[in-house]
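Enquirer: Compact mmCIF, C-alpha atoms, file work-v5.txt:
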# COMPACT_ATOMS: atom_id res chain seq x y z
CA MET A 260 4.41 -29.46 1.72
CA ALA A 261 7.14 -26.80 1.62
CA GLY A 262 6.20 -25.29 4.96
CA HIS A 263 3.48 -23.45 6.85
CA LEU A 264 3.61 -19.64 6.65
CA LEU A 265 1.71 -17.34 9.00
CA LEU A 266 1.19 -13.92 7.39
CA ALA A 267 1.02 -10.84 9.62
CA GLY A 268 0.40 -7.17 8.91
CA TYR A 269 -2.55 -4.83 8.45
CA ILE A 270 -4.34 -7.45 6.34
CA GLY A 271 -8.13 -7.64 6.23
CA CYS A 272 -8.56 -4.26 7.89
CA GLY A 273 -10.35 -2.52 5.03
CA ASN A 274 -7.22 -1.10 3.39
CA LEU A 275 -6.86 -2.17 -0.26
CA GLY A 276 -3.12 -1.45 -0.25
CA ASP A 277 -2.33 -3.83 2.59
CA ASP A 278 -4.53 -6.52 1.06
CA ALA A 279 -2.73 -5.99 -2.27
CA ILE A 280 0.60 -6.68 -0.54
CA ALA A 281 -0.62 -9.99 0.91
CA LEU A 282 -2.22 -11.06 -2.36
CA GLY A 283 0.90 -10.14 -4.32
CA PHE A 284 2.95 -12.27 -1.93
CA VAL A 285 0.68 -15.29 -2.37
CA GLN A 286 0.63 -14.77 -6.14
CA GLY A 287 4.43 -14.65 -6.16
CA LEU A 288 4.67 -17.95 -4.28
CA GLY A 289 2.51 -19.62 -6.91
CA ASN A 290 2.10 -23.37 -6.54
CA SER A 291 5.16 -23.79 -4.33
CA GLY A 292 3.48 -26.09 -1.86
CA TYR A 293 3.35 -23.65 1.05
CA ASP A 294 0.44 -23.79 3.46
CA ILE A 295 -0.67 -20.26 4.33
CA THR A 296 -2.61 -18.82 7.25
CA VAL A 297 -3.43 -15.10 7.40
CA MET A 298 -3.90 -12.93 10.47
CA SER A 299 -6.87 -10.76 9.48
CA GLY A 300 -8.86 -7.90 10.93
CA ARG A 301 -11.99 -9.35 9.28
CA PRO A 302 -11.37 -13.12 9.25
CA GLU A 303 -14.70 -14.19 7.75
CA GLU A 304 -14.46 -11.62 4.95
CA THR A 305 -10.84 -12.50 4.14
CA ASN A 306 -11.71 -16.18 3.99
CA ARG A 307 -14.76 -15.52 1.80
CA LEU A 308 -12.94 -13.23 -0.65
CA TYR A 309 -9.65 -15.10 -0.99
CA GLY A 310 -10.10 -18.56 0.49
CA PHE A 311 -7.26 -18.19 3.00
CA SER A 312 -7.13 -20.00 6.31
CA VAL A 313 -7.46 -17.16 8.81
CA VAL A 314 -7.06 -16.20 12.45
CA ASP A 315 -8.35 -13.04 14.11
CA ARG A 316 -5.47 -10.57 14.45
CA ARG A 317 -7.05 -9.24 17.67
CA ASP A 318 -7.19 -12.63 19.38
CA PHE A 319 -3.80 -13.42 20.91
CA LYS A 320 -4.90 -16.94 21.89
CA GLN A 321 -5.58 -17.68 18.21
CA ILE A 322 -2.32 -16.01 17.23
CA ASP A 323 -0.35 -18.04 19.78
CA THR A 324 -1.84 -21.29 18.46
CA ALA A 325 -1.15 -20.24 14.85
CA ILE A 326 2.47 -19.43 15.68
CA GLU A 327 2.93 -22.85 17.28
CA ARG A 328 1.62 -24.50 14.10
CA CYS A 329 3.63 -22.45 11.60
CA ASP A 330 7.19 -22.84 10.36
CA ALA A 331 7.67 -19.13 9.77
CA LEU A 332 6.07 -15.82 10.66
CA VAL A 333 6.07 -13.65 7.54
CA PHE A 334 5.37 -9.92 7.33
CA PRO A 335 4.91 -9.40 3.56
CA GLY A 336 5.20 -5.61 3.73
CA GLY A 337 3.51 -2.32 4.43
CA SER A 338 4.28 0.60 6.73
CA ILE A 339 3.60 -1.24 9.94
CA PHE A 340 6.69 -0.27 11.92
CA GLN A 341 5.93 3.44 12.23
CA ASP A 342 4.63 5.70 14.97
CA ALA A 343 2.91 8.36 12.84
CA SER A 344 -0.47 6.82 13.68
CA SER A 345 0.45 5.62 17.18
CA VAL A 346 3.15 3.83 19.15
CA ARG A 347 0.66 1.02 19.70
CA SER A 348 1.13 -0.18 16.11
CA VAL A 349 4.84 -0.80 16.71
CA GLY A 350 4.07 -2.41 20.06
CA TYR A 351 1.53 -4.80 18.51
CA TYR A 352 3.81 -6.06 15.75
CA SER A 353 6.83 -6.24 18.04
CA LYS A 354 4.85 -8.42 20.43
CA ILE A 355 3.99 -10.86 17.64
CA VAL A 356 7.66 -11.04 16.62
CA SER A 357 8.60 -11.74 20.25
CA MET A 358 6.02 -14.54 20.43
CA ALA A 359 7.44 -16.15 17.28
CA LYS A 360 11.01 -15.76 18.55
CA LYS A 361 10.10 -17.40 21.84
CA ALA A 362 8.50 -20.28 19.90
CA LYS A 363 11.74 -20.61 17.89
CA LYS A 364 10.04 -19.92 14.55
CA LYS A 365 11.63 -18.30 11.51
CA ILE A 366 10.78 -14.58 11.20
CA LEU A 367 10.78 -12.89 7.80
CA LEU A 368 10.21 -9.13 7.51
CA LEU A 369 9.79 -8.57 3.78
CA GLY A 370 9.28 -5.48 1.60
CA GLN A 371 9.08 -3.29 4.67
CA GLY A 372 8.46 0.45 4.61
CA VAL A 373 10.13 1.56 7.84
CA GLY A 374 9.24 4.76 9.67
CA PRO A 375 8.71 7.44 10.53
CA LEU A 376 9.89 6.44 14.01
CA ASP A 377 10.20 9.43 16.32
CA ASN A 378 9.15 8.04 19.69
CA PHE A 379 12.00 6.60 21.79
CA LEU A 380 10.00 3.56 22.89
CA ALA A 381 8.80 2.90 19.32
CA LYS A 382 12.40 2.99 18.08
CA ARG A 383 13.49 0.47 20.72
CA MET A 384 10.60 -1.91 20.00
CA ALA A 385 11.10 -1.71 16.23
CA ALA A 386 14.86 -2.25 16.53
CA SER A 387 14.27 -5.29 18.73
CA ALA A 388 11.78 -6.77 16.24
CA PHE A 389 14.10 -6.31 13.26
CA ASN A 390 17.12 -7.65 15.17
CA ASP A 391 15.08 -10.77 16.01
CA ALA A 392 14.28 -11.39 12.33
CA ASP A 393 16.00 -14.08 10.27
CA ILE A 394 15.44 -12.21 7.00
CA ILE A 395 14.88 -8.49 6.37
CA SER A 396 14.08 -6.74 3.11
CA VAL A 397 12.83 -3.20 2.51
CA ARG A 398 11.02 -1.53 -0.35
CA ASP A 399 12.99 1.75 -0.60
CA PRO A 400 16.41 3.24 0.29
CA GLU A 401 14.89 5.49 2.97
CA SER A 402 13.80 2.40 4.90
CA LEU A 403 17.36 1.10 4.86
CA GLN A 404 18.49 4.37 6.40
CA ALA A 405 15.70 4.21 8.97
CA LEU A 406 16.87 0.75 10.10
CA LYS A 407 20.42 1.97 10.54
CA ALA A 408 19.21 5.03 12.44
CA ILE A 409 17.39 2.94 15.06
CA GLY A 410 20.30 0.54 15.54
CA VAL A 411 19.30 -2.53 13.53
CA ARG A 412 22.41 -4.71 13.15
CA LYS A 413 21.02 -7.29 10.72
CA THR A 414 21.68 -6.93 6.99
CA ALA A 415 18.64 -5.82 4.99
CA ARG A 416 18.09 -6.40 1.27
CA MET A 417 16.59 -3.84 -1.10
CA THR A 418 13.57 -5.35 -2.85
CA ALA A 419 10.20 -3.82 -3.77
CA ASP A 420 6.60 -3.72 -2.64
CA LEU A 421 4.94 -7.10 -3.12
CA ALA A 422 1.79 -5.49 -4.57
CA PHE A 423 3.78 -5.34 -7.83
CA LEU A 424 3.28 -9.12 -8.07
CA LEU A 425 -0.49 -8.88 -8.35
CA PRO A 426 -1.77 -10.71 -11.44
CA SER A 427 -2.72 -8.84 -14.60
CA VAL A 428 -6.37 -7.84 -14.80
CA GLN A 429 -8.79 -7.21 -17.62
CA ALA A 430 -10.98 -4.12 -17.86
CA SER A 431 -14.39 -4.52 -16.28
CA ASP A 432 -17.54 -4.16 -18.36
CA ASP A 433 -18.93 -1.94 -15.62
CA VAL A 434 -18.05 1.52 -16.88
CA GLN A 435 -20.86 3.48 -15.25
CA GLY A 436 -19.58 6.84 -14.06
CA PHE A 437 -16.36 6.64 -16.06
CA THR A 438 -17.45 7.68 -19.53
CA VAL A 439 -19.19 11.03 -19.54
CA GLY A 440 -19.40 12.37 -23.08
CA ASN A 441 -15.85 13.09 -24.17
CA MET A 442 -14.62 13.91 -20.66
CA LYS A 443 -11.53 12.03 -19.51
CA THR A 444 -11.69 10.60 -16.02
CA VAL A 445 -9.12 11.43 -13.34
CA GLY A 446 -8.95 9.07 -10.37
CA ILE A 447 -8.12 10.86 -7.12
CA SER A 448 -6.91 9.17 -3.95
CA ALA A 449 -6.87 11.55 -0.98
CA ARG A 450 -6.42 10.61 2.66
CA PRO A 451 -7.16 12.47 5.90
CA LEU A 452 -4.33 14.19 7.77
CA ASP A 453 -4.00 16.43 10.80
CA LYS A 454 -6.27 19.43 11.28
CA LYS A 455 -3.57 21.80 10.03
CA THR A 456 -3.84 20.40 6.49
CA ASP A 457 -7.10 21.16 4.67
CA VAL A 458 -7.24 18.02 2.52
CA VAL A 459 -10.97 18.52 1.97
CA GLY A 460 -10.52 22.03 0.60
CA LEU A 461 -7.47 21.14 -1.49
CA PHE A 462 -8.98 18.19 -3.31
CA GLY A 463 -12.47 19.66 -3.48
CA ASP A 464 -11.14 22.72 -5.28
CA PHE A 465 -8.91 20.50 -7.43
CA CYS A 466 -11.99 18.49 -8.49
CA ARG A 467 -13.76 21.73 -9.40
CA LEU A 468 -10.82 22.88 -11.54
CA LEU A 469 -10.72 19.52 -13.33
CA TYR A 470 -14.43 19.65 -14.09
CA GLN A 471 -14.28 23.27 -15.28
CA ASN A 472 -11.53 22.29 -17.70
CA GLY A 473 -13.20 19.25 -19.22
CA SER A 474 -12.12 16.34 -17.01
CA MET A 475 -14.25 14.17 -14.73
CA PRO A 476 -12.80 13.65 -11.22
CA VAL A 477 -13.51 10.33 -9.50
CA LEU A 478 -12.71 10.10 -5.77
CA MET A 479 -11.30 6.69 -4.82
CA GLU A 480 -11.68 4.97 -1.46
CA MET A 481 -8.51 3.04 -0.58
CA ASP A 482 -9.21 2.69 3.14
CA ARG A 483 -12.75 1.82 4.17
CA GLU A 484 -12.57 3.46 7.59
CA GLU A 485 -10.64 6.64 6.77
CA ASP A 486 -11.36 7.56 3.15
CA GLY A 487 -15.14 7.16 3.02
CA PRO A 488 -15.92 10.04 5.42
CA LEU A 489 -13.30 12.20 3.69
CA ILE A 490 -14.85 11.57 0.27
CA ALA A 491 -18.28 12.45 1.64
CA GLU A 492 -16.96 15.68 3.13
CA ILE A 493 -15.21 16.70 -0.10
CA ALA A 494 -18.40 16.12 -2.09
CA LYS A 495 -20.50 17.94 0.52
CA ARG A 496 -18.31 21.02 0.39
CA GLN A 497 -18.52 21.00 -3.42
CA GLY A 498 -22.28 20.52 -3.52
CA GLY A 499 -22.38 16.71 -3.48
CA LYS A 500 -21.79 16.20 -7.19
CA ILE A 501 -18.44 14.38 -7.38
CA PRO A 502 -18.44 10.77 -8.65
CA ASP A 503 -16.66 8.28 -6.43
CA LEU A 504 -15.42 4.72 -6.20
CA ARG A 505 -16.31 3.28 -2.82
CA LYS A 506 -16.70 -0.11 -1.18
CA MET A 507 -14.29 -1.89 -3.49
CA THR A 508 -13.83 -5.29 -1.88
CA THR A 509 -10.57 -6.38 -3.55
CA PRO A 510 -7.51 -4.66 -5.06
CA MET A 511 -8.28 -6.42 -8.35
CA GLN A 512 -11.64 -4.66 -8.55
CA LEU A 513 -9.86 -1.33 -8.20
CA GLN A 514 -7.32 -2.29 -10.85
CA GLN A 515 -10.19 -3.00 -13.25
CA ARG A 516 -11.66 0.44 -12.64
CA LEU A 517 -8.25 2.11 -12.95
CA LEU A 518 -7.88 0.62 -16.42
CA ARG A 519 -10.84 2.77 -17.52
CA MET A 520 -9.26 5.99 -16.26
CA ASP A 521 -7.09 8.44 -18.12
CA SER A 522 -4.94 9.49 -15.17
CA ILE A 523 -4.44 9.15 -11.42
CA VAL A 524 -3.57 11.71 -8.72
CA ALA A 525 -2.72 9.98 -5.46
CA MET A 526 -1.77 10.71 -1.90
CA ARG A 527 -2.03 7.07 -0.90
CA LEU A 528 1.01 5.02 -1.84
CA HIS A 529 -0.86 1.96 -3.05
CA ALA A 530 -3.21 3.98 -5.22
CA GLY A 531 -0.01 4.92 -7.06
CA ILE A 532 1.34 1.37 -7.05
CA LEU A 533 -1.93 -0.13 -8.32
CA ALA A 534 -2.08 2.53 -11.04
CA ALA A 535 1.46 1.58 -12.07
CA THR A 536 0.53 -2.13 -12.21
CA VAL A 537 -2.00 -1.33 -14.95
CA GLY A 538 0.34 1.05 -16.77
CA ILE A 539 -1.10 4.42 -15.68
CA PRO A 540 1.48 7.01 -14.54
CA PRO A 541 0.38 8.32 -11.12
CA LEU A 542 0.94 11.93 -10.11
CA MET A 543 1.84 11.54 -6.45
CA VAL A 544 1.12 14.08 -3.71
CA SER A 545 3.35 13.38 -0.74
CA TYR A 546 2.31 13.42 2.90
CA ASP A 547 4.95 10.90 4.00
CA PRO A 548 8.53 9.96 2.98
CA LYS A 549 7.30 6.63 1.56
CA VAL A 550 5.28 8.48 -1.11
CA THR A 551 8.26 10.62 -2.08
CA ALA A 552 10.47 7.52 -2.21
CA PHE A 553 8.03 5.69 -4.50
CA SER A 554 7.72 8.61 -6.92
CA LYS A 555 11.50 8.89 -7.17
CA MET A 556 11.98 5.14 -7.58
CA MET A 557 9.47 5.17 -10.45
CA ASP A 558 11.45 8.00 -12.15
CA LEU A 559 8.42 10.30 -11.86
CA GLY A 560 10.34 13.03 -10.03
CA THR A 561 9.99 14.57 -6.60
CA PRO A 562 6.26 14.89 -5.83
CA LEU A 563 4.45 17.93 -4.50
CA THR A 564 4.10 18.03 -0.73
CA VAL A 565 0.52 18.29 0.51
CA GLN A 566 1.33 20.75 3.30
CA GLY A 567 0.79 24.28 1.96
CA LEU A 568 -0.27 23.04 -1.48
CA THR A 569 -2.96 24.97 -3.34
CA ALA A 570 -5.50 23.49 -5.72
CA GLN A 571 -4.31 25.77 -8.52
CA ARG A 572 -0.71 24.63 -8.14
CA LEU A 573 -1.81 21.00 -8.05
CA TYR A 574 -3.89 21.53 -11.18
CA ASP A 575 -1.04 23.28 -13.02
CA THR A 576 1.32 20.45 -12.09
CA PHE A 577 -1.25 17.92 -13.26
CA VAL A 578 -1.59 19.65 -16.65
CA SER A 579 2.18 19.66 -17.06
CA PHE A 580 2.37 16.00 -16.01
CA GLN A 581 -0.27 15.06 -18.57
CA LYS A 582 1.63 16.79 -21.38
CA ASP A 583 4.38 14.22 -20.79
CA ARG A 584 1.92 11.33 -20.55
CA GLU A 585 3.40 9.23 -23.34
CA ARG A 586 6.91 9.55 -21.94
CA ASN A 587 5.66 8.88 -18.41
CA SER A 588 3.74 5.82 -19.61
CA ARG A 589 6.91 4.35 -21.12
CA ILE A 590 8.80 5.08 -17.91
CA VAL A 591 6.11 3.44 -15.77
CA GLU A 592 6.01 0.31 -17.93
CA ARG A 593 9.80 -0.04 -17.70
CA LYS A 594 9.90 0.66 -13.96
CA ARG A 595 6.95 -1.64 -13.30
CA ASP A 596 8.91 -4.53 -14.80
CA GLU A 597 11.95 -3.57 -12.70
CA MET A 598 9.82 -3.43 -9.55
CA ARG A 599 8.32 -6.84 -10.29
CA LYS A 600 11.79 -8.36 -10.53
CA LEU A 601 12.82 -6.71 -7.26
CA ALA A 602 9.60 -7.86 -5.59
CA GLU A 603 10.33 -11.42 -6.72
CA LEU A 604 13.50 -11.32 -4.63
CA ASN A 605 11.21 -11.46 -1.58
CA ILE A 606 9.82 -14.76 -2.83
CA GLU A 607 13.33 -16.13 -3.37
CA LEU A 608 14.17 -15.21 0.22
CA VAL A 609 11.19 -17.21 1.47
CA ARG A 610 12.05 -20.25 -0.63
CA SER A 611 15.67 -20.24 0.51
CA THR A 612 14.72 -19.83 4.19
CA VAL A 613 11.60 -21.96 4.64
CA ARG A 614 11.75 -25.35 2.98
Before we go any further, please render this structure as structure tokens.
Expert:
Amino acid sequence: MAGHLLLAGYIGCGNLGDDAIALGFVQGLGNSGYDITVMSGRPEETNRLYGFSVVDRRDFKQIDTAIERCDALVFPGGSIFQDASSVRSVGYYSKIVSMAKKAKKKILLLGQGVGPLDNFLAKRMAASAFNDADIISVRDPESLQALKAIGVRKTARMTADLAFLLPSVQASDDVQGFTVGNMKTVGISARPLDKKTDVVGLFGDFCRLLYQNGSMPVLMEMDREEDGPLIAEIAKRQGGKIPDLRKMTTPMQLQQRLLRMDSIVAMRLHAGILAATVGIPPLMVSYDPKVTAFSKMMDLGTPLTVQGLTAQRLYDTFVSFQKDRERNSRIVERKRDEMRKLAELNIELVRSTVR
């Protein structure tokens, strides 16, 4: 046995992106002899879907026992050290790092997307967690800058998001809702924001423009808790006639559906990453620096910002983006291979640290 790894993050919480990160990590390790336990928001579901040993991420007694048993606490990625949602997120993960440090376990923070961190307390807690780590890697240059800005002294490596290590998938035979006459399907990943930004109106009107011009929009649920109500509201405002993809249980299921689509428009980062893993160039709409960073790293240009964006401008940009589809497809295939190699550096860091 090479060692016992305890995985921490927003795993098993109904977000396909965070599950994709964990699965990409495990896929990258391959048959290396590591024993893996996962801290999950839905332990029974995570065990049933993926066969992992699990502990409940809300139960600190279970977490404490799991830390005592492990050789290393591993955060395989995601935007977990940020205070855009709440300071509590940073506090939770910092506490787990402190528990592992006290137990004298190795701490690996891999493929991290750091920030935004605006709250003073959040900055202090995040800096403490990263300074306690044995290994740090980040998925984009902006995260490197964020670490420096909060006073992290440890050296961080530039790698890539571990979702790029997900295995290749084959197209599903289930094509219902994706082939409508000669209409090409456009997958759309929107996410809720503050009340100042009318995401419902923007993407509802965008869906209408697509349909009027011969394309079939398909709204995609990436986060079970947040995206489902948003999708329902978009459809309601447009008369309830927009196809959707909901209740996907694994990232691989979504990849299979993406293979059937002509194009993807995405606010959510991992909708873009999963599209890239199957060779579809995603048109990103940025609500957060991590989305802008991804689009630039994939050589797809600076994305539109959702604040103040109109449906007509989004549609015009989409049409222009599609005109360059062949070129963008070649770029995405090349960059996908580059990202896979960078993501594999995370695996090398584990193997060199935990034996």
Enquirer: Within 9 Å of (-3.9, -5.1, -2.7) (file coordinates; only C-alpha atoms), which protein or nucleic acid residues are there? I'd like them as a list in words.
Expert: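 Residues with an atom close enough to that point: Asn274, Leu275, Gly276, Asp277, Asp278, Ala279, Ile280, Ala281, Leu282, Gly283, Ala422, Leu425, Thr509, Pro510, Met511, Leu513, His529 and Leu533 of chain A.
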Enquirer: Can those selected residues be exported to a file as a CSV table (one decimal), in the coordinates of the input so that it contains C-alpha atoms?
Expert:
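Output (out-v2.csv):
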chain,number,residue,atom,x,y,z
A,274,ASN,CA,-7.2,-1.1,3.4
A,275,LEU,CA,-6.9,-2.2,-0.3
A,276,GLY,CA,-3.1,-1.4,-0.2
A,277,ASP,CA,-2.3,-3.8,2.6
A,278,ASP,CA,-4.5,-6.5,1.1
A,279,ALA,CA,-2.7,-6.0,-2.3
A,280,ILE,CA,0.6,-6.7,-0.5
A,281,ALA,CA,-0.6,-10.0,0.9
A,282,LEU,CA,-2.2,-11.1,-2.4
A,283,GLY,CA,0.9,-10.1,-4.3
A,422,ALA,CA,1.8,-5.5,-4.6
A,425,LEU,CA,-0.5,-8.9,-8.4
A,509,THR,CA,-10.6,-6.4,-3.6
A,510,PRO,CA,-7.5,-4.7,-5.1
A,511,MET,CA,-8.3,-6.4,-8.4
A,513,LEU,CA,-9.9,-1.3,-8.2
A,529,HIS,CA,-0.9,2.0,-3.0
A,533,LEU,CA,-1.9,-0.1,-8.3
Enquirer: Need to verify the contact set: segment 348-358 of chain A, 7 Å, only C-alpha atoms, exclusion of same-chain residues closer than 2 positions in sequence. Can you return it as number ranges by chain?
Expert: A: 339-342, 345-346, 360-362, 381, 384-385, 388
Enquirer: Using C-alpha atoms, can you export the residues from the last selection as a PDB file, in the frame of the given file?
Expert:
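Output below, filename part24.pdb:
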ATOM      1  CA  ILE A 339       3.600  -1.240   9.940  1.00  0.00           C
ATOM      2  CA  PHE A 340       6.690  -0.270  11.920  1.00  0.00           C
ATOM      3  CA  GLN A 341       5.930   3.440  12.230  1.00  0.00           C
ATOM      4  CA  ASP A 342       4.630   5.700  14.970  1.00  0.00           C
ATOM      5  CA  SER A 345       0.450   5.620  17.180  1.00  0.00           C
ATOM      6  CA  VAL A 346       3.150   3.830  19.150  1.00  0.00           C
ATOM      7  CA  LYS A 360      11.010 -15.760  18.550  1.00  0.00           C
ATOM      8  CA  LYS A 361      10.100 -17.400  21.840  1.00  0.00           C
ATOM      9  CA  ALA A 362       8.500 -20.280  19.900  1.00  0.00           C
ATOM     10  CA  ALA A 381       8.800   2.900  19.320  1.00  0.00           C
ATOM     11  CA  MET A 384      10.600  -1.910  20.000  1.00  0.00           C
ATOM     12  CA  ALA A 385      11.100  -1.710  16.230  1.00  0.00           C
ATOM     13  CA  ALA A 388      11.780  -6.770  16.240  1.00  0.00           C
TER      14      ALA A 388
END
Enquirer: Do a neighbour search on Asp503 of chain A at 9 Å with all atoms listed in the file, toss out local chain neighbours closer than 4 positions, and write the hits as a ChimeraX atom specification.
Expert: /A:436,446-447,476-480,490
Enquirer: Hey, what's within 12 Å of Gly289 of chain A if we count only C-alpha atoms and toss same-chain stuff fewer than 5 positions away? As a tab-separated table (two decimals) with C-alpha atoms, in the coordinates of the input, please?
Expert:
chain	number	residue	atom	x	y	z
A	282	LEU	CA	-2.22	-11.06	-2.36
A	283	GLY	CA	0.90	-10.14	-4.32
A	284	PHE	CA	2.95	-12.27	-1.93
A	294	ASP	CA	0.44	-23.79	3.46
A	295	ILE	CA	-0.67	-20.26	4.33
A	424	LEU	CA	3.28	-9.12	-8.07
A	425	LEU	CA	-0.49	-8.88	-8.35
A	426	PRO	CA	-1.77	-10.71	-11.44
A	603	GLU	CA	10.33	-11.42	-6.72
A	606	ILE	CA	9.82	-14.76	-2.83
A	607	GLU	CA	13.33	-16.13	-3.37
A	610	ARG	CA	12.05	-20.25	-0.63
Enquirer: Could you write out as lines of an AutoDock Vina configuration file the box around segment 280-283 of chain A (axis-aligned, all atoms listed in the file, 5 Å on each side), with centre and edge lengths in Å to one decimal?
Expert:
center_x = -0.7
center_y = -8.9
center_z = -1.7
size_x = 13.1
size_y = 14.4
size_z = 15.2
Enquirer: Can you tell me how far atom CA of Gly463 of chain A sits from atom CA of Glu492 of chain A, in Å to one decimal?
Expert: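 Calculated distance between atom CA of Gly463 of chain A and atom CA of Glu492 of chain A is 8.9 Å.
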Enquirer: Work out how far atom CA of Cys272 of chain A is from atom CA of Thr305 of chain A, in Å to one decimal.
Expert: 9.3 Å
Enquirer: Between A:Met298, A:Arg317, A:Asp330, A:Arg398, which has the minimum distance to Arg614 of chain A (counting only C-alpha atoms)?
Expert: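 Selected residue with least distance to Arg614 of chain A: A:Asp330.
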Enquirer: Near segment 577-590 of chain A, counting all atoms listed in the file, which residues have an atom at most 12 Å away, once you skip same-chain residues fewer than 4 positions from it, shown as a PDB file with C-alpha atoms, in the frame of the given file?
Expert:
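Below you can see selection.pdb, which holds the result:
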ATOM      1  CA  LYS A 443     -11.530  12.030 -19.510  1.00  0.00           C
ATOM      2  CA  VAL A 445      -9.120  11.430 -13.340  1.00  0.00           C
ATOM      3  CA  ILE A 447      -8.120  10.860  -7.120  1.00  0.00           C
ATOM      4  CA  PHE A 465      -8.910  20.500  -7.430  1.00  0.00           C
ATOM      5  CA  CYS A 466     -11.990  18.490  -8.490  1.00  0.00           C
ATOM      6  CA  LEU A 468     -10.820  22.880 -11.540  1.00  0.00           C
ATOM      7  CA  LEU A 469     -10.720  19.520 -13.330  1.00  0.00           C
ATOM      8  CA  ASN A 472     -11.530  22.290 -17.700  1.00  0.00           C
ATOM      9  CA  GLY A 473     -13.200  19.250 -19.220  1.00  0.00           C
ATOM     10  CA  SER A 474     -12.120  16.340 -17.010  1.00  0.00           C
ATOM     11  CA  ASP A 521      -7.090   8.440 -18.120  1.00  0.00           C
ATOM     12  CA  SER A 522      -4.940   9.490 -15.170  1.00  0.00           C
ATOM     13  CA  ILE A 523      -4.440   9.150 -11.420  1.00  0.00           C
ATOM     14  CA  VAL A 524      -3.570  11.710  -8.720  1.00  0.00           C
ATOM     15  CA  ALA A 525      -2.720   9.980  -5.460  1.00  0.00           C
ATOM     16  CA  ALA A 534      -2.080   2.530 -11.040  1.00  0.00           C
ATOM     17  CA  ALA A 535       1.460   1.580 -12.070  1.00  0.00           C
ATOM     18  CA  THR A 536       0.530  -2.130 -12.210  1.00  0.00           C
ATOM     19  CA  VAL A 537      -2.000  -1.330 -14.950  1.00  0.00           C
ATOM     20  CA  GLY A 538       0.340   1.050 -16.770  1.00  0.00           C
ATOM     21  CA  ILE A 539      -1.100   4.420 -15.680  1.00  0.00           C
ATOM     22  CA  PRO A 540       1.480   7.010 -14.540  1.00  0.00           C
ATOM     23  CA  PRO A 541       0.380   8.320 -11.120  1.00  0.00           C
ATOM     24  CA  LEU A 542       0.940  11.930 -10.110  1.00  0.00           C
ATOM     25  CA  MET A 543       1.840  11.540  -6.450  1.00  0.00           C
ATOM     26  CA  VAL A 544       1.120  14.080  -3.710  1.00  0.00           C
ATOM     27  CA  SER A 554       7.720   8.610  -6.920  1.00  0.00           C
ATOM     28  CA  LYS A 555      11.500   8.890  -7.170  1.00  0.00           C
ATOM     29  CA  MET A 556      11.980   5.140  -7.580  1.00  0.00           C
ATOM     30  CA  MET A 557       9.470   5.170 -10.450  1.00  0.00           C
ATOM     31  CA  ASP A 558      11.450   8.000 -12.150  1.00  0.00           C
ATOM     32  CA  LEU A 559       8.420  10.300 -11.860  1.00  0.00           C
ATOM     33  CA  GLY A 560      10.340  13.030 -10.030  1.00  0.00           C
ATOM     34  CA  PRO A 562       6.260  14.890  -5.830  1.00  0.00           C
ATOM     35  CA  LEU A 563       4.450  17.930  -4.500  1.00  0.00           C
ATOM     36  CA  ALA A 570      -5.500  23.490  -5.720  1.00  0.00           C
ATOM     37  CA  GLN A 571      -4.310  25.770  -8.520  1.00  0.00           C
ATOM     38  CA  ARG A 572      -0.710  24.630  -8.140  1.00  0.00           C
ATOM     39  CA  LEU A 573      -1.810  21.000  -8.050  1.00  0.00           C
ATOM     40  CA  LYS A 594       9.900   0.660 -13.960  1.00  0.00           C
ATOM     41  CA  ARG A 595       6.950  -1.640 -13.300  1.00  0.00           C
ATOM     42  CA  ASP A 596       8.910  -4.530 -14.800  1.00  0.00           C
ATOM     43  CA  GLU A 597      11.950  -3.570 -12.700  1.00  0.00           C
ATOM     44  CA  MET A 598       9.820  -3.430  -9.550  1.00  0.00           C
TER      45      MET A 598
END
Enquirer: Mind filling out segment 266-273 of chain A with N, CA and C atoms and sending it as a CSV table (one decimal), keeping the file's coordinate frame?
Expert:
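Output below, filename rebuild.csv:
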chain,number,residue,atom,x,y,z
A,266,LEU,N,1.0,-15.3,7.9
A,266,LEU,CA,1.2,-13.9,7.4
A,266,LEU,C,0.6,-12.9,8.4
A,267,ALA,N,1.4,-11.9,8.7
A,267,ALA,CA,1.0,-10.8,9.6
A,267,ALA,C,1.2,-9.5,9.0
A,268,GLY,N,0.4,-8.5,9.4
A,268,GLY,CA,0.4,-7.2,8.9
A,268,GLY,C,-1.0,-6.5,9.1
A,269,TYR,N,-1.3,-5.5,8.3
A,269,TYR,CA,-2.6,-4.8,8.4
A,269,TYR,C,-3.5,-5.4,7.4
A,270,ILE,N,-3.6,-6.7,7.4
A,270,ILE,CA,-4.3,-7.4,6.3
A,270,ILE,C,-5.8,-7.6,6.8
A,271,GLY,N,-6.7,-7.5,5.9
A,271,GLY,CA,-8.1,-7.6,6.2
A,271,GLY,C,-8.7,-6.6,7.1
A,272,CYS,N,-8.1,-5.4,7.0
A,272,CYS,CA,-8.6,-4.3,7.9
A,272,CYS,C,-9.2,-3.2,7.1
A,273,GLY,N,-9.6,-3.5,5.9
A,273,GLY,CA,-10.4,-2.5,5.0
A,273,GLY,C,-9.5,-1.6,4.2
